[in-house]
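Undergrad: Here it is, the structure in full.
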Amino acid sequence: MFQYRPKTLIPHDLEIDFLDVGQGDAILIITPAGKNILIDGGPDTTVIKKLNIFLKNKSQIIDLMILTHPHADHINGLIEVLKYYSVKKVIATTVNYQNGSWHYFLEEIAKERIPLSQINTPENVLLETNCNFNILAPLNPLFLETQKKLNNTSIVGRLDCQGLKVLFTGDAEKELETALLKAYPPAELQAMILKVGHHGSATASTLQFLQAVNPQTAIIEVGNGNKYGFPIPITLSKLQKIGATIYRTDLNGDIQIINKNRLKVEIKAWGQVGD
């Protein structure tokens, strides 16, 4: 049971919290300088409860919000965050998606006059000194516009901070993984920690992609007892084959990673949140 979070951290530690929000993604990054980065928000208001736990000093500021793609299990919680937190900047793609949540998301951003960067090509986002978020996908406007699966319009980015590399894949499926393998040399994809694509489904995590990333740790954000049966056994088998240690929010609850000033990476699983 989740009872507390650490009261103190060594100054200038990088913290990454993979939040247990049910069947969906929500990831909080707290940079060494104290900036709050939120990648996706899960399917409902659960993310608000989690932010109240994990944000330092009860902060009400999200310095950067990143929406990987506008499926409900990624965007709905972000709409709630826009209502209750001071969001300084938003990054999303230029995908043309006819959906109420997507339109409401854009309306909330406009209403609050939040700067919005809609991207359709790779770009490097400087978070602070020695801390970058390198957006690897979308690859180009044509690739974004021709994708039949919204999952393959996901923002894929690698955090490179304090010497730690973490690859965030949204719901990228096999087609996008293949495109990334063609577009980048292995060194650009390698990461110590991988946020596994599409909740560990059969449509993602090809062995070739996993071997290129070569993570020591794999994080799967997935709902307990979800109706899809995620993560599927073959994905787990492939992760085990490459030697990755697997953490899952359905089994481990909130998963916290602390990079202790380049000296040591600590991973803590806080268990399911109690009432």
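Please note that chains go A, B, ... in the order of the structure tokens, that every chain numbers its residues from 1, and that ligands are numbered from 1 in the order shown.
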Just the strand (DSSP E) stuff from segment 63-150 of chain A, please, per backbone DSSP, written as JSON, numbers by chain.

TA: {"A": [64, 65, 66, 86, 87, 90, 91, 92, 93, 116, 117, 118, 119, 123, 124, 125, 126, 127, 128, 131, 132, 133, 134, 135, 136, 137]}

Undergrad: At a cut-off of 9 Å, using only C-alpha atoms, what residues contact segment 38-44 of chain A? Leave out same-chain residues fewer than 6 positions from it and give the result as a PDB file with N, CA and C atoms, in the first residue's frame.

TA:
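Result file follows (part-v5.pdb):
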```
ATOM      1  N   LEU A  19       3.253   7.108 -13.262  1.00  0.00           N
ATOM      2  CA  LEU A  19       2.104   7.143 -12.375  1.00  0.00           C
ATOM      3  C   LEU A  19       1.099   6.056 -12.720  1.00  0.00           C
ATOM      4  N   ASP A  20       0.614   5.392 -11.699  1.00  0.00           N
ATOM      5  CA  ASP A  20      -0.401   4.362 -11.871  1.00  0.00           C
ATOM      6  C   ASP A  20      -1.762   5.048 -11.985  1.00  0.00           C
ATOM      7  N   VAL A  21      -2.210   5.242 -13.224  1.00  0.00           N
ATOM      8  CA  VAL A  21      -3.489   5.925 -13.468  1.00  0.00           C
ATOM      9  C   VAL A  21      -4.498   4.981 -14.120  1.00  0.00           C
ATOM     10  N   GLY A  22      -4.308   3.672 -13.939  1.00  0.00           N
ATOM     11  CA  GLY A  22      -5.187   2.717 -14.596  1.00  0.00           C
ATOM     12  C   GLY A  22      -4.703   2.435 -16.002  1.00  0.00           C
ATOM     13  N   GLN A  23      -5.640   2.173 -16.901  1.00  0.00           N
ATOM     14  CA  GLN A  23      -5.285   1.825 -18.270  1.00  0.00           C
ATOM     15  C   GLN A  23      -4.978   3.097 -19.058  1.00  0.00           C
ATOM     16  N   GLY A  24      -3.737   3.539 -18.966  1.00  0.00           N
ATOM     17  CA  GLY A  24      -3.310   4.748 -19.654  1.00  0.00           C
ATOM     18  C   GLY A  24      -1.913   5.131 -19.219  1.00  0.00           C
ATOM     19  N   ASP A  25      -1.393   6.177 -19.845  1.00  0.00           N
ATOM     20  CA  ASP A  25      -0.048   6.669 -19.551  1.00  0.00           C
ATOM     21  C   ASP A  25      -0.115   8.006 -18.839  1.00  0.00           C
ATOM     22  N   ALA A  26       0.755   8.185 -17.849  1.00  0.00           N
ATOM     23  CA  ALA A  26       0.989   9.488 -17.224  1.00  0.00           C
ATOM     24  C   ALA A  26       2.352   9.442 -16.562  1.00  0.00           C
ATOM     25  N   ILE A  27       3.236  10.319 -16.975  1.00  0.00           N
ATOM     26  CA  ILE A  27       4.619  10.300 -16.499  1.00  0.00           C
ATOM     27  C   ILE A  27       5.011  11.705 -16.068  1.00  0.00           C
ATOM     28  N   LEU A  28       5.497  11.833 -14.849  1.00  0.00           N
ATOM     29  CA  LEU A  28       5.966  13.107 -14.319  1.00  0.00           C
ATOM     30  C   LEU A  28       7.486  13.082 -14.235  1.00  0.00           C
ATOM     31  N   ILE A  29       8.105  14.091 -14.835  1.00  0.00           N
ATOM     32  CA  ILE A  29       9.557  14.263 -14.747  1.00  0.00           C
ATOM     33  C   ILE A  29       9.815  15.537 -13.947  1.00  0.00           C
ATOM     34  N   ILE A  30      10.643  15.414 -12.911  1.00  0.00           N
ATOM     35  CA  ILE A  30      11.068  16.585 -12.151  1.00  0.00           C
ATOM     36  C   ILE A  30      12.566  16.739 -12.385  1.00  0.00           C
ATOM     37  N   ILE A  62       2.984  23.203 -13.879  1.00  0.00           N
ATOM     38  CA  ILE A  62       3.525  22.240 -14.852  1.00  0.00           C
ATOM     39  C   ILE A  62       4.261  23.069 -15.894  1.00  0.00           C
ATOM     40  N   ASP A  63       5.580  22.986 -15.901  1.00  0.00           N
ATOM     41  CA  ASP A  63       6.376  23.824 -16.797  1.00  0.00           C
ATOM     42  C   ASP A  63       6.210  23.408 -18.256  1.00  0.00           C
ATOM     43  N   LEU A  64       6.059  22.105 -18.487  1.00  0.00           N
ATOM     44  CA  LEU A  64       5.879  21.608 -19.850  1.00  0.00           C
ATOM     45  C   LEU A  64       4.961  20.402 -19.824  1.00  0.00           C
ATOM     46  N   MET A  65       3.930  20.436 -20.652  1.00  0.00           N
ATOM     47  CA  MET A  65       3.019  19.313 -20.835  1.00  0.00           C
ATOM     48  C   MET A  65       3.216  18.768 -22.241  1.00  0.00           C
ATOM     49  N   ILE A  66       3.393  17.445 -22.342  1.00  0.00           N
ATOM     50  CA  ILE A  66       3.575  16.802 -23.643  1.00  0.00           C
ATOM     51  C   ILE A  66       2.453  15.788 -23.841  1.00  0.00           C
ATOM     52  N   LEU A  67       1.691  15.960 -24.900  1.00  0.00           N
ATOM     53  CA  LEU A  67       0.675  14.977 -25.290  1.00  0.00           C
ATOM     54  C   LEU A  67       1.244  14.154 -26.432  1.00  0.00           C
ATOM     55  N   THR A  68       1.439  12.849 -26.203  1.00  0.00           N
ATOM     56  CA  THR A  68       2.031  12.029 -27.261  1.00  0.00           C
ATOM     57  C   THR A  68       1.069  11.850 -28.426  1.00  0.00           C
ATOM     58  N   HIS A  69      -0.214  11.622 -28.124  1.00  0.00           N
ATOM     59  CA  HIS A  69      -1.243  11.496 -29.153  1.00  0.00           C
ATOM     60  C   HIS A  69      -2.599  11.561 -28.447  1.00  0.00           C
ATOM     61  N   HIS A  71      -5.454   9.946 -27.969  1.00  0.00           N
ATOM     62  CA  HIS A  71      -6.374   8.914 -27.515  1.00  0.00           C
ATOM     63  C   HIS A  71      -6.800   9.213 -26.080  1.00  0.00           C
ATOM     64  N   ALA A  72      -7.998   8.753 -25.707  1.00  0.00           N
ATOM     65  CA  ALA A  72      -8.595   9.101 -24.418  1.00  0.00           C
ATOM     66  C   ALA A  72      -7.715   8.723 -23.236  1.00  0.00           C
ATOM     67  N   ASP A  73      -7.007   7.577 -23.325  1.00  0.00           N
ATOM     68  CA  ASP A  73      -6.209   7.122 -22.184  1.00  0.00           C
ATOM     69  C   ASP A  73      -4.900   7.891 -22.028  1.00  0.00           C
ATOM     70  N   HIS A  74      -4.696   8.898 -22.865  1.00  0.00           N
ATOM     71  CA  HIS A  74      -3.533   9.775 -22.762  1.00  0.00           C
ATOM     72  C   HIS A  74      -3.939  11.237 -22.575  1.00  0.00           C
ATOM     73  N   ILE A  75      -5.077  11.632 -23.148  1.00  0.00           N
ATOM     74  CA  ILE A  75      -5.444  13.044 -23.185  1.00  0.00           C
ATOM     75  C   ILE A  75      -6.438  13.466 -22.109  1.00  0.00           C
ATOM     76  N   ASN A  76      -7.326  12.581 -21.698  1.00  0.00           N
ATOM     77  CA  ASN A  76      -8.410  13.013 -20.810  1.00  0.00           C
ATOM     78  C   ASN A  76      -7.901  13.593 -19.491  1.00  0.00           C
ATOM     79  N   GLY A  77      -6.903  12.949 -18.910  1.00  0.00           N
ATOM     80  CA  GLY A  77      -6.338  13.472 -17.675  1.00  0.00           C
ATOM     81  C   GLY A  77      -5.654  14.810 -17.852  1.00  0.00           C
ATOM     82  N   LEU A  78      -5.070  15.036 -19.028  1.00  0.00           N
ATOM     83  CA  LEU A  78      -4.412  16.319 -19.288  1.00  0.00           C
ATOM     84  C   LEU A  78      -5.419  17.464 -19.321  1.00  0.00           C
ATOM     85  N   ILE A  79      -6.621  17.188 -19.808  1.00  0.00           N
ATOM     86  CA  ILE A  79      -7.672  18.215 -19.798  1.00  0.00           C
ATOM     87  C   ILE A  79      -7.956  18.640 -18.359  1.00  0.00           C
ATOM     88  N   GLU A  80      -7.990  17.672 -17.452  1.00  0.00           N
ATOM     89  CA  GLU A  80      -8.211  17.987 -16.038  1.00  0.00           C
ATOM     90  C   GLU A  80      -7.045  18.793 -15.469  1.00  0.00           C
ATOM     91  N   VAL A  81      -5.832  18.449 -15.855  1.00  0.00           N
ATOM     92  CA  VAL A  81      -4.655  19.184 -15.386  1.00  0.00           C
ATOM     93  C   VAL A  81      -4.708  20.637 -15.851  1.00  0.00           C
ATOM     94  N   PHE A 168      10.833   7.431 -24.259  1.00  0.00           N
ATOM     95  CA  PHE A 168       9.388   7.443 -24.089  1.00  0.00           C
ATOM     96  C   PHE A 168       8.745   7.232 -25.460  1.00  0.00           C
ATOM     97  N   GLY A 170       5.189   6.639 -26.134  1.00  0.00           N
ATOM     98  CA  GLY A 170       3.753   6.782 -26.320  1.00  0.00           C
ATOM     99  C   GLY A 170       3.127   5.433 -26.626  1.00  0.00           C
TER     100      GLY A 170
END
```

Undergrad: Within 9 Å of Pro231 of chain A, counting only C-alpha atoms, which residues qualify if same-chain residues fewer than 5 places away don't, as a PyMOL selection string?

TA: chain A and resi 198-202+220+222+236+248

Undergrad: Please determine, counting only C-alpha atoms, which residue among A:Lys195, A:Lys83, A:Lys227, A:Lys260 has the shortest atom-to-atom distance to Ile246 of chain A.

TA: A:Lys195

Undergrad: Any idea what's packed within 9 Å of Lys165 of chain A, counting only C-alpha atoms, ignoring anything in its chain fewer than 6 positions away? Could you give it as a PyMOL selection string?

TA: chain A and resi 158-159+190-194

Undergrad: Could those selected residues go to a file with N, CA and C atoms, as a CSV table (one decimal), in the first residue's frame?

TA:
```
chain,number,residue,atom,x,y,z
A,158,ARG,N,13.5,11.0,-26.4
A,158,ARG,CA,14.5,10.5,-25.4
A,158,ARG,C,14.9,11.6,-24.5
A,159,LEU,N,14.7,11.4,-23.2
A,159,LEU,CA,15.3,12.3,-22.2
A,159,LEU,C,16.7,11.9,-22.0
A,190,GLN,N,19.3,4.1,-28.2
A,190,GLN,CA,19.7,3.4,-27.0
A,190,GLN,C,19.3,4.2,-25.7
A,191,ALA,N,18.8,3.5,-24.8
A,191,ALA,CA,18.4,4.1,-23.5
A,191,ALA,C,18.5,3.1,-22.4
A,192,MET,N,18.9,3.6,-21.2
A,192,MET,CA,18.9,2.7,-20.0
A,192,MET,C,17.5,2.2,-19.6
A,193,ILE,N,16.6,3.1,-19.8
A,193,ILE,CA,15.2,2.9,-19.4
A,193,ILE,C,14.3,3.1,-20.6
A,194,LEU,N,13.3,2.1,-20.8
A,194,LEU,CA,12.4,2.2,-21.9
A,194,LEU,C,11.0,2.2,-21.3
```

Undergrad: My list of candidates is A:Gly197, A:Gly253, A:Pro215, A:Pro70. Which is closest to Val166 of chain A when distances are computed with only C-alpha atoms?

TA: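 Looking only at the distances to Val166 of chain A, the closest residue turns out to be A:Pro215.
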
Undergrad: Could you jot down the atom CA of Ile155 of chain A to atom CA of Lys58 of chain A separation for me, Å, one decimal place?

TA: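 Going from atom CA of Ile155 of chain A over to atom CA of Lys58 of chain A covers 28.4 Å.
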
Undergrad: Report, in Å to a single decimal, how far apart atom CA of Tyr184 of chain A and atom CA of Lys241 of chain A are.

TA: 23.1 Å

Undergrad: Using only C-alpha atoms for the distances, tell me which of A:Thr45, A:Phe209, A:Lys35, A:Asn151 is nearest to Leu126 of chain A.

TA: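 Ranked by minimum distance to Leu126 of chain A, first place goes to A:Lys35.
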
Undergrad: Taking 3 positions as the minimum chain separation for residues in the same chain, which residues sit within 7 Å of Gln118 of chain A when counting only C-alpha atoms? Answer as an NGL selection string.

TA: :A and (91-94)

Undergrad: Quote the spacing between atom CA of Cys131 of chain A and atom CA of Ala218 of chain A in Å to one decimal place.

TA: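 Going from atom CA of Cys131 of chain A over to atom CA of Ala218 of chain A, I get 21.1 Å.
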
Undergrad: Identify, with DSSP run on backbone atoms, the residues in segment 30-253 of chain A assigned to alpha helix (DSSP H), and express the list as a ChimeraX atom specification.

TA: /A:46-54,72-84,100-111,141-146,174-183,186-189,207-213,233-241,249-252
